[in-house]
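Visitor: What follows is a single structure, and I will ask about it in a moment.
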Amino acid sequence: MTASHPMQTGGTVNDLSQPSQPTLPISRIVQGKNPRTNFDPDKMAELEEGIRAVGVLEPIVVRPIPGTDRYEIIAGERRWRAAKNVFGDGYDMPVVIKDASDETAEAMSVIENYHREDMSPAEEAHAAQRQLLRQRGDKEETARLMGWSPDVLERRLALLACTHAVLQALTSRTILLGHAELLSGIPPDKQDTVLEGILAQKVPVAVLKAQLGRYARQLADAIFDTAPCGGCAHNSARQAGLFAESLGEGYCQHPSHFEKLTLQAVQARADALRDEFPVIRIVKASDGFTPLPLTAAGDLGVGAPQYTSCQGCQSFGCSVSAMPGSYGEVTRSLCFDAACNSQKVALWRKAQRDAQAAVAEAAGKGSAKAGKRNKSAAKPAAVAPANQTPQRVVAHRLTEWRKWLAKALMAQPQRSQRVLIALALAGRGADLREAQFRNAFERIAGQPGRAGFGVRGGLQRADAAPEAQLERLLQAATASAAFGVSTSDLELLLNYAEVDEGRYFQWDKAFLDLFTTSELESLAAEVGLKKAMGSGFKVARSGKKQEFIAALLKVPGFAYQGTVPAVMCYPRQPILADEAQDGSGEADEVEGSEATDTAAEPQPEPALA
């Protein structure tokens, strides 16, 4: 609405009822809240030349500043600047006075600048943002007030994803709108660096588009859930729907975030394989990883028996790819011990060569009988399969061996006495374990436990022990050493006591839980469970680990009692044969078998069995 205010017409005060054009001295007109911040010097020079020739023909729009005789520019700051430079503060500027609120004034300014096609899209974006805040997020009302279509509003607001430096470059016309539209889709921490390259190399929009396309990631390749990507500012579909310049649909323009989500998905796939393989390797492009496939046949095969055994090895596993083009792909049946694998391959090759030589020798003799005798030579000679026992299984069997030895010594009075004498002769009395013996003493002697006692207290308790139980208590003292001796001495004592593993070993869930699915398959093949299950084995193997374990523990007709897997058997060795040593007993400390534990020994059981 036009209001009445003191004006000048040709330097004379007048009012808006007069037909002549209202004017105000430039000195009474001040700069308003113009969304335009850049004024092109060349275009300003052209405008000044025109004003110098004919004056200002089109009035500017102003509004009164309450409590003063001054007026604030709503639209026309370029003309005001040019006239001030040409004619000075005394020039009578043609004006149209409007009573307008702040939001109406800014909307009018944006509309005026927009339709003159001289305002930067960055300046329009900031103006749109301010107007949207005033309208409390109502985009429809904001677009109406600014005289824009909803699409124009969305395009300008989308530019606010650009950094300040990019928007400044757009405002100063050092980059094109296409540059800014493309840059809006990449992470803010990358935009300024890319901008520097654009300015330094004068990169055209088309070249920038091609360069950014090489770094973008195709959402079709994602192995994570892309549903949340629909509303992401870095989804190229957003730019494609708004801007003239974009990478098109289907791209993530935030490679580092894409990689982060991918690694999380890869890790989830790796975690899902923990029950199946002892080793799971996540492979990145920077690793230089070369897989070592493990097979039964072929040039690098190890033979069927050894392959089955390798499945139970601590170096058997798989890899999960975190590399572009193969995200999440699982490569199974890999060996992660190259030296061991080379030995197994060499043994199998030798066995095959020996078999072929035997066949050739038989054929050379030309004897039918020889051919029959050597018919079996067509197959390679059997090679005893071996693997590296997982340390968790080694620790478990050590605990079990100690329990078995203690039980065996409690059942063999004479051998128990000799073991005690041997420990004393070797100066290994410290191997007796107080905690285990105390528990056994309280049970055998029938005396309630006490917190602690010295030698005096020990004598008192020993003297009070029933005489009939003294021999049994000495056995318990000896048996407690099963929990204190070294691993090599443990193996010696197991052999001396002739401990029968089949008497003590139990097939149960706790034992099978120690193994991965691949290790369980190897174990089942070794003891005959796989054969006993027949076709049902494959079905059970394909299920979850716990279901597989349950199936392995209820095979009809299988002789569980007395069947002991090799991993739970102690190494047999001669005990009482003469040895060439100085009697110091140092040789006892040498651990000389694959079954020997190289890890920290588990804590002893709280009581003798």
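Ligands are numbered from 1 in the order shown, residues from 1 within each chain, and chains are lettered A, B, ... in the order they appear in the structure tokens.
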I'd like the neighbourhood of segment 289-303 of chain A as a VMD selection string, where a residue qualifies if any of its atoms comes within 9 Å (using only C-alpha atoms), though same-chain residues fewer than 5 positions away should be ignored.

Guide: chain A and resid 283 to 284 308 310 316 318 to 319 331 to 338 341 to 342 344 to 349 383

Visitor: Mind listing the alpha helix (DSSP H) residues of segment 423-579 of chain A, per DSSP on the backbone, as a PyMOL selection string?

Guide: chain A and resi 423-425+434-445+455-464+470-480+487-496+501-504+509-512+517-527+529-533+536-541+545-552

Visitor: At a cut-off of 10 Å, using only C-alpha atoms, what residues contact Val166 of chain A? Leave out same-chain residues fewer than 6 positions from it and give the result as a ChimeraX atom specification.

Guide: /A:122,159-160,172,174-175,179-180,183-184,188,191-192,194-196

Visitor: Run DSSP on the backbone and tell me which residues of segment 91-340 of chain A come out as strand (DSSP E or B); list them as a PyMOL selection string.

Guide: chain A and resi 92-97+217-218+235+251-252+279-283+293+295+301+316-321+330-335
